[in-house]
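Reading through the structure tokens given below for one structure.
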Amino acid sequence: MKFHSIARLAGILACAGVLSISQSGAASESVLYTFKGGADGANPAAGLIHINGTLYGTTEHGGAYGAGTVFSVSPGGQQTVLYSFTGGLDGAYPVARLLNVNGTLYGTTSAGGNENCYTDNQIGCGTVFAVTPGGTESVVYAFMGGNDGAVPRAELIAVNGTLYGTTYAGGAMGLGTVFSLTASGIETVLYSFMGNFDCANPVAGLIDVKGNFYGTTSAGGYPGCGGPGCGTVFSLAPNGNVMPLYAFTGANDGGVPMAGLINIKGTLYGTTEQGGGPWCTSGCGVVYSVTPGGTERLLHTFGQYPDGAFPAAGLTNIDGKLYGTTTNGGHNAGTAFSITLSGTEKVIHNFGGRTVYPYAGLLNIKGTLYGTTTNGGPANAGSVFSITP
């Protein structure tokens with residue numbers, strides 16, 4: 001199960017006649033590590049976390065068995081593979097950021113696990129796993145592909161010792177779930193998405209705001225965007241009721257949110273991969289905000305060049321300014337950008353060479369931004385980078 005289509009990203013070229021207010025910045029980039037595409041891993045689609053001066057992440061492919069890795073990178077660029085997925089019962093193809101819980105790393109794999117479950121010609125419907133700092137992996141839960149969910153693509157959050165997450169598929173209608181999971185591996189489906197005017201197919205994880213969960217779905221809502229709907233922003237109450245706060249139309253308001261949300265003083269901020277202006281085939285994506293009452297506001301509409309296109313990752317808030325990435329556009333290899341809450345966008349870096357196609361968001365460590373790219377380098381296997389705005 002591939003989280004993204006590199007061929008699709010590489011095949012999208014610049015559009016002519018684009019009007020943009022974006023300006024190119026002059027951020028300084030450092031490449032901490034370039035993946036070789038073999039045992040060290042390949043194609044990191046997820047963002048990074050930071051523990052005691054060391055960065056940790058996952059690669060979707062590569063490793064000893066070609067099914068992905070959990071890795072660490074030191075500040076000096078020393079990369080270590082903590083665990084290589086076999087593609088069997090232990091999971092395969094992790095595409096989500098890790099979660100640190102008391103020194104143990106938790107994450108999800110989009111395939112592998114239950115060998116009696118098949119999805120998109122892959123064995124296994126995905127797992128929730130744990131990896132110790134010493135590299136010992138254990139499967140906390142293997143999805144069955146039925147009502148319990150299937151194909152988790154999102155990172156987890158922990159609330160009062162319980163893990164919460166989403167699955168892209170499975171559930172009562174096969175359109176994904178919100179679930180909880182205890183440390184002992186007891187899974188509970190909190191909600192099964194129903195599609196149509198409800199929500200469907202969440203790719204991103206959840207945030208907890210005063211006891212309510214908020215998230216996005218890549219489909220569902222109003223019809224459009226090829227039929228299944230253009231995606232939603234939703235809330236989940238403690239009693240299990242889901243409320244679609246906003247349904248994207250795929251037009252100027254955006255469409256197909258692949259990223260999760262951040263909360264700034266009660267307002268939710270995010271990105272959509274499609275929609276916006278008339279540029280690109282289905283729009284180049286937007287940055288938006290949504291109030292708890294469901295009022296959406298556009299902060300920026302991407303136009304492919306020079307400001308970037310197709311933001312698939314969420315945003316990072318640094319002192320009231322938002323930072324993010326686009327998977328394409330700019331110089332056709334993606335961008336890192338900043339945007340104020342009033343909507344002034346600026347490109348701070350154009351990717352290329354050893355760093356191509358950033359699919360993940362940025363991690364702020366004392367004003368330096370760290371991230372991954374799915375491609376670039378001699379093996380075209382991706383990188384870990386830092387940029388200083």
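Labels used: A, B, ... for chains in the order of the structure tokens, numbers from 1 for residues in each chain, and numbers from 1 for ligands as shown.
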For segment 234-250 of chain A, please output as a JSON list (two decimals) with C-alpha atoms, in the first residue's frame all residues within 9 Å (counting only C-alpha atoms; exclusion window: fewer than 3 positions along the same chain).
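So selection_13.json came out as:
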[["chain", "number", "residue", "atom", "x", "y", "z"],
["A", 178, "VAL", "CA", -11.57, 6.52, 14.46],
["A", 190, "LEU", "CA", -15.17, 5.08, 18.29],
["A", 191, "TYR", "CA", -16.70, 5.87, 14.91],
["A", 193, "PHE", "CA", -17.28, 6.85, 8.61],
["A", 197, "PHE", "CA", -22.58, 13.65, 3.21],
["A", 198, "ASP", "CA", -20.78, 12.17, 6.18],
["A", 199, "CYS", "CA", -16.98, 11.86, 6.12],
["A", 211, "GLY", "CA", -11.74, 16.76, 25.30],
["A", 212, "ASN", "CA", -13.02, 16.83, 21.72],
["A", 213, "PHE", "CA", -11.13, 15.30, 18.81],
["A", 214, "TYR", "CA", -10.75, 17.13, 15.51],
["A", 215, "GLY", "CA", -9.52, 15.78, 12.21],
["A", 216, "THR", "CA", -9.89, 15.72, 8.45],
["A", 217, "THR", "CA", -11.05, 13.20, 5.88],
["A", 220, "GLY", "CA", -16.85, 12.50, 1.86],
["A", 221, "GLY", "CA", -18.89, 15.64, 2.31],
["A", 222, "TYR", "CA", -20.46, 17.22, -0.75],
["A", 223, "PRO", "CA", -20.30, 15.24, -4.01],
["A", 224, "GLY", "CA", -17.46, 16.15, -6.31],
["A", 225, "CYS", "CA", -13.74, 15.60, -6.81],
["A", 229, "GLY", "CA", -16.61, 13.93, -2.13],
["A", 230, "CYS", "CA", -13.85, 16.49, -1.62],
["A", 231, "GLY", "CA", -13.18, 15.90, 2.06],
["A", 253, "ASP", "CA", -12.33, 26.72, -0.87],
["A", 254, "GLY", "CA", -9.98, 23.76, -1.40],
["A", 255, "GLY", "CA", -10.38, 20.02, -1.63],
["A", 256, "VAL", "CA", -8.93, 16.69, -0.50],
["A", 257, "PRO", "CA", -7.23, 17.50, 2.82],
["A", 274, "GLN", "CA", -6.23, 20.17, -4.23],
["A", 275, "GLY", "CA", -8.73, 22.92, -4.92],
["A", 276, "GLY", "CA", -8.17, 26.64, -4.83],
["A", 282, "SER", "CA", -7.74, 20.10, -9.89],
["A", 283, "GLY", "CA", -6.33, 23.18, -8.20],
["A", 290, "VAL", "CA", -12.01, 26.68, 10.25],
["A", 291, "THR", "CA", -13.75, 27.85, 13.40],
["A", 292, "PRO", "CA", -15.45, 25.38, 15.76],
["A", 293, "GLY", "CA", -18.70, 26.73, 14.32],
["A", 294, "GLY", "CA", -17.72, 25.63, 10.81],
["A", 295, "THR", "CA", -16.76, 28.94, 9.19],
["A", 296, "GLU", "CA", -13.88, 28.48, 6.72]]
- prompt: Any idea what's packed within 12 Å of Tyr65 of chain A, counting only C-alpha atoms, ignoring anything in its chain fewer than 5 positions away? Could you give it as number ranges by chain?
  reply: A: 37-42, 60, 83-88, 90-93
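Around segment 354-370 of chain A, within 7 Å and counting only C-alpha atoms, the residues found are Ala45, Ala46, Gly47, Leu48, Ala312, Ala313, Gly314, Leu315, Thr316, Gly324, Thr325, Thr326, Thr327, Asn328, Ala333, Gly334, Thr374, Asn375, Gly376, Gly377, Gly382, Ser383, Phe385, Ser386, Ile387 and Thr388 of chain A, once anything fewer than 4 positions away on its own chain is removed.
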- prompt: So which one's closest to His50 of chain A, A:Ala142, A:Ala27, A:Leu98, A:Ala111? Using only C-alpha atoms, please.
  reply: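 Smallest separation from His50 of chain A among the options: A:Leu98.
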Can you build me a table of segment 23-122 of chain A residues sitting at most 10 Å from segment 158-170 of chain A, with the closest atom pair per residue and its distance in Å to one decimal, using only C-alpha atoms, sorted by chain and residue number, as CSV?
residue,atom,partner,partner_atom,distance
A:Leu99,CA,A:Ala158,CA,8.2
A:Asn100,CA,A:Ala158,CA,9.2
A:Val101,CA,A:Ala158,CA,7.8
A:Tyr106,CA,A:Leu163,CA,9.2
A:Gly107,CA,A:Gly165,CA,9.9
A:Thr108,CA,A:Gly165,CA,9.2
A:Ser110,CA,A:Thr167,CA,8.9
A:Thr119,CA,A:Ala169,CA,9.3
Pull C-alpha atoms from the residues just selected and write them as a PDB file, in the first residue's frame.
ATOM      1  CA  LEU A  99       4.861   9.079  18.795  1.00  0.00           C
ATOM      2  CA  ASN A 100       7.132   9.062  21.843  1.00  0.00           C
ATOM      3  CA  VAL A 101       5.492   7.680  24.987  1.00  0.00           C
ATOM      4  CA  TYR A 106       4.701   4.051  18.665  1.00  0.00           C
ATOM      5  CA  GLY A 107       3.553   4.168  15.062  1.00  0.00           C
ATOM      6  CA  THR A 108       1.402   2.629  12.365  1.00  0.00           C
ATOM      7  CA  SER A 110      -0.231   0.800   6.273  1.00  0.00           C
ATOM      8  CA  THR A 119      -5.999  -4.909   0.705  1.00  0.00           C
TER       9      THR A 119
END
task: State, in Å with one decimal place, the distance from atom CA of Phe310 of chain A to atom CA of Trp279 of chain A.
output: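 Pair atom CA of Phe310 of chain A / atom CA of Trp279 of chain A returns 11.1 Å.
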- prompt: Which parts of segment 43-265 of chain A does DSSP call strand (DSSP E or B) when run on the backbone here, written out as a PyMOL selection string?
  reply: chain A and resi 49-51+54-59+61-62+67+69-73+79-84+92+99-101+104-109+111-112+118-119+122-123+125+127-131+137-142+150+157-159+162-167+169-170+175+177-181+187-192+199-200+207-209+212-217+219-220+232-236+242-247+255+262-264
Write the residues of the selection above to a file with C-alpha atoms, as a CSV table (one decimal), in the first residue's frame.
chain,number,residue,atom,x,y,z
A,49,ILE,CA,10.3,13.7,16.1
A,50,HIS,CA,13.0,14.8,18.5
A,51,ILE,CA,14.2,13.0,21.6
A,54,THR,CA,18.3,12.8,18.2
A,55,LEU,CA,15.8,12.7,15.3
A,56,TYR,CA,13.6,9.7,14.7
A,57,GLY,CA,11.5,8.8,11.7
A,58,THR,CA,10.2,6.1,9.4
A,59,THR,CA,10.8,5.2,5.7
A,61,HIS,CA,10.4,1.4,1.7
A,62,GLY,CA,13.9,0.0,1.9
A,67,ALA,CA,9.2,-3.0,3.7
A,69,THR,CA,12.3,1.1,8.6
A,70,VAL,CA,12.3,3.0,11.8
A,71,PHE,CA,15.5,5.1,12.0
A,72,SER,CA,17.4,7.7,13.9
A,73,VAL,CA,19.7,10.5,12.8
A,79,GLN,CA,21.9,7.4,10.6
A,80,THR,CA,21.0,4.2,12.4
A,81,VAL,CA,18.2,1.7,11.5
A,82,LEU,CA,16.4,0.8,14.7
A,83,TYR,CA,14.1,-1.7,13.0
A,84,SER,CA,13.5,-3.1,9.5
A,92,ALA,CA,5.0,-3.1,6.4
A,99,LEU,CA,4.9,9.1,18.8
A,100,ASN,CA,7.1,9.1,21.8
A,101,VAL,CA,5.5,7.7,25.0
A,104,THR,CA,9.0,4.0,23.5
A,105,LEU,CA,8.2,4.8,19.9
A,106,TYR,CA,4.7,4.1,18.7
A,107,GLY,CA,3.6,4.2,15.1
A,108,THR,CA,1.4,2.6,12.4
A,109,THR,CA,2.1,0.6,9.2
A,111,ALA,CA,0.1,-2.9,5.5
A,112,GLY,CA,1.4,-6.1,7.0
A,118,TYR,CA,-5.7,-8.5,2.0
A,119,THR,CA,-6.0,-4.9,0.7
A,122,GLN,CA,-1.0,-6.3,-0.1
A,123,ILE,CA,-0.9,-8.9,2.6
A,125,CYS,CA,-4.3,-4.5,6.7
A,127,THR,CA,-0.7,-2.5,12.4
A,128,VAL,CA,0.0,-0.3,15.4
A,129,PHE,CA,3.5,-1.1,16.6
A,130,ALA,CA,6.0,-0.2,19.3
A,131,VAL,CA,9.8,0.0,19.0
A,137,GLU,CA,9.6,-4.2,17.8
A,138,SER,CA,6.2,-5.5,19.0
A,139,VAL,CA,2.8,-5.3,17.4
A,140,VAL,CA,0.3,-3.7,19.7
A,141,TYR,CA,-2.6,-4.4,17.3
A,142,ALA,CA,-3.0,-5.9,13.9
A,150,ALA,CA,-7.8,-1.2,7.9
A,157,ILE,CA,-1.9,10.6,19.7
A,158,ALA,CA,-1.9,9.6,23.4
A,159,VAL,CA,-4.5,10.9,25.9
A,162,THR,CA,-4.7,5.6,25.7
A,163,LEU,CA,-3.7,5.8,22.0
A,164,TYR,CA,-6.1,7.3,19.4
A,165,GLY,CA,-5.9,7.2,15.6
A,166,THR,CA,-7.7,6.8,12.3
A,167,THR,CA,-7.8,4.1,9.6
A,169,ALA,CA,-10.4,1.9,5.2
A,170,GLY,CA,-12.3,-0.7,7.0
A,175,LEU,CA,-14.5,4.0,4.6
A,177,THR,CA,-12.6,4.6,11.4
A,178,VAL,CA,-11.6,6.5,14.5
A,179,PHE,CA,-10.2,4.1,17.1
A,180,SER,CA,-8.7,3.9,20.5
A,181,LEU,CA,-6.2,1.4,21.7
A,187,GLU,CA,-9.0,-1.8,20.3
A,188,THR,CA,-12.3,0.1,20.3
A,189,VAL,CA,-13.9,1.7,17.2
A,190,LEU,CA,-15.2,5.1,18.3
A,191,TYR,CA,-16.7,5.9,14.9
A,192,SER,CA,-17.1,4.3,11.4
A,199,CYS,CA,-17.0,11.9,6.1
A,200,ALA,CA,-14.8,9.2,4.5
A,207,ILE,CA,-5.8,16.5,17.7
A,208,ASP,CA,-7.4,16.8,21.1
A,209,VAL,CA,-8.9,20.2,22.0
A,212,ASN,CA,-13.0,16.8,21.7
A,213,PHE,CA,-11.1,15.3,18.8
A,214,TYR,CA,-10.8,17.1,15.5
A,215,GLY,CA,-9.5,15.8,12.2
A,216,THR,CA,-9.9,15.7,8.4
A,217,THR,CA,-11.0,13.2,5.9
A,219,ALA,CA,-13.2,12.3,0.9
A,220,GLY,CA,-16.8,12.5,1.9
A,232,THR,CA,-14.2,17.4,5.4
A,233,VAL,CA,-13.1,18.8,8.7
A,234,PHE,CA,-14.9,17.0,11.5
A,235,SER,CA,-15.2,16.9,15.3
A,236,LEU,CA,-15.7,13.8,17.5
A,242,VAL,CA,-19.1,12.9,14.7
A,243,MET,CA,-20.0,16.3,13.3
A,244,PRO,CA,-18.7,17.4,9.9
A,245,LEU,CA,-17.7,21.0,10.6
A,246,TYR,CA,-16.9,21.9,7.0
A,247,ALA,CA,-17.3,20.0,3.7
A,255,GLY,CA,-10.4,20.0,-1.6
A,262,ILE,CA,-3.3,22.5,14.4
A,263,ASN,CA,-5.2,24.6,17.0
A,264,ILE,CA,-4.3,28.3,17.6
field: Point-to-point distance in Å for atom CA of Met194 of chain A and atom CA of Glu155 of chain A
entry: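 Atom CA of Glu155 of chain A sits 21.8 Å away from atom CA of Met194 of chain A.
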Given only C-alpha atoms as the counted atoms, nearest of A:Asn196, A:Gly134, A:Leu206, A:Thr34 to Gln78 of chain A: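 Looking at the shortest contact to Gln78 of chain A, the residue is A:Thr34.
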- prompt: Closest to Pro152 of chain A among A:Thr136, A:Asn114, A:Asn201, A:Ser184, using only C-alpha atoms?
  reply: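 Of the candidates, the smallest distance to Pro152 of chain A is held by A:Asn201.
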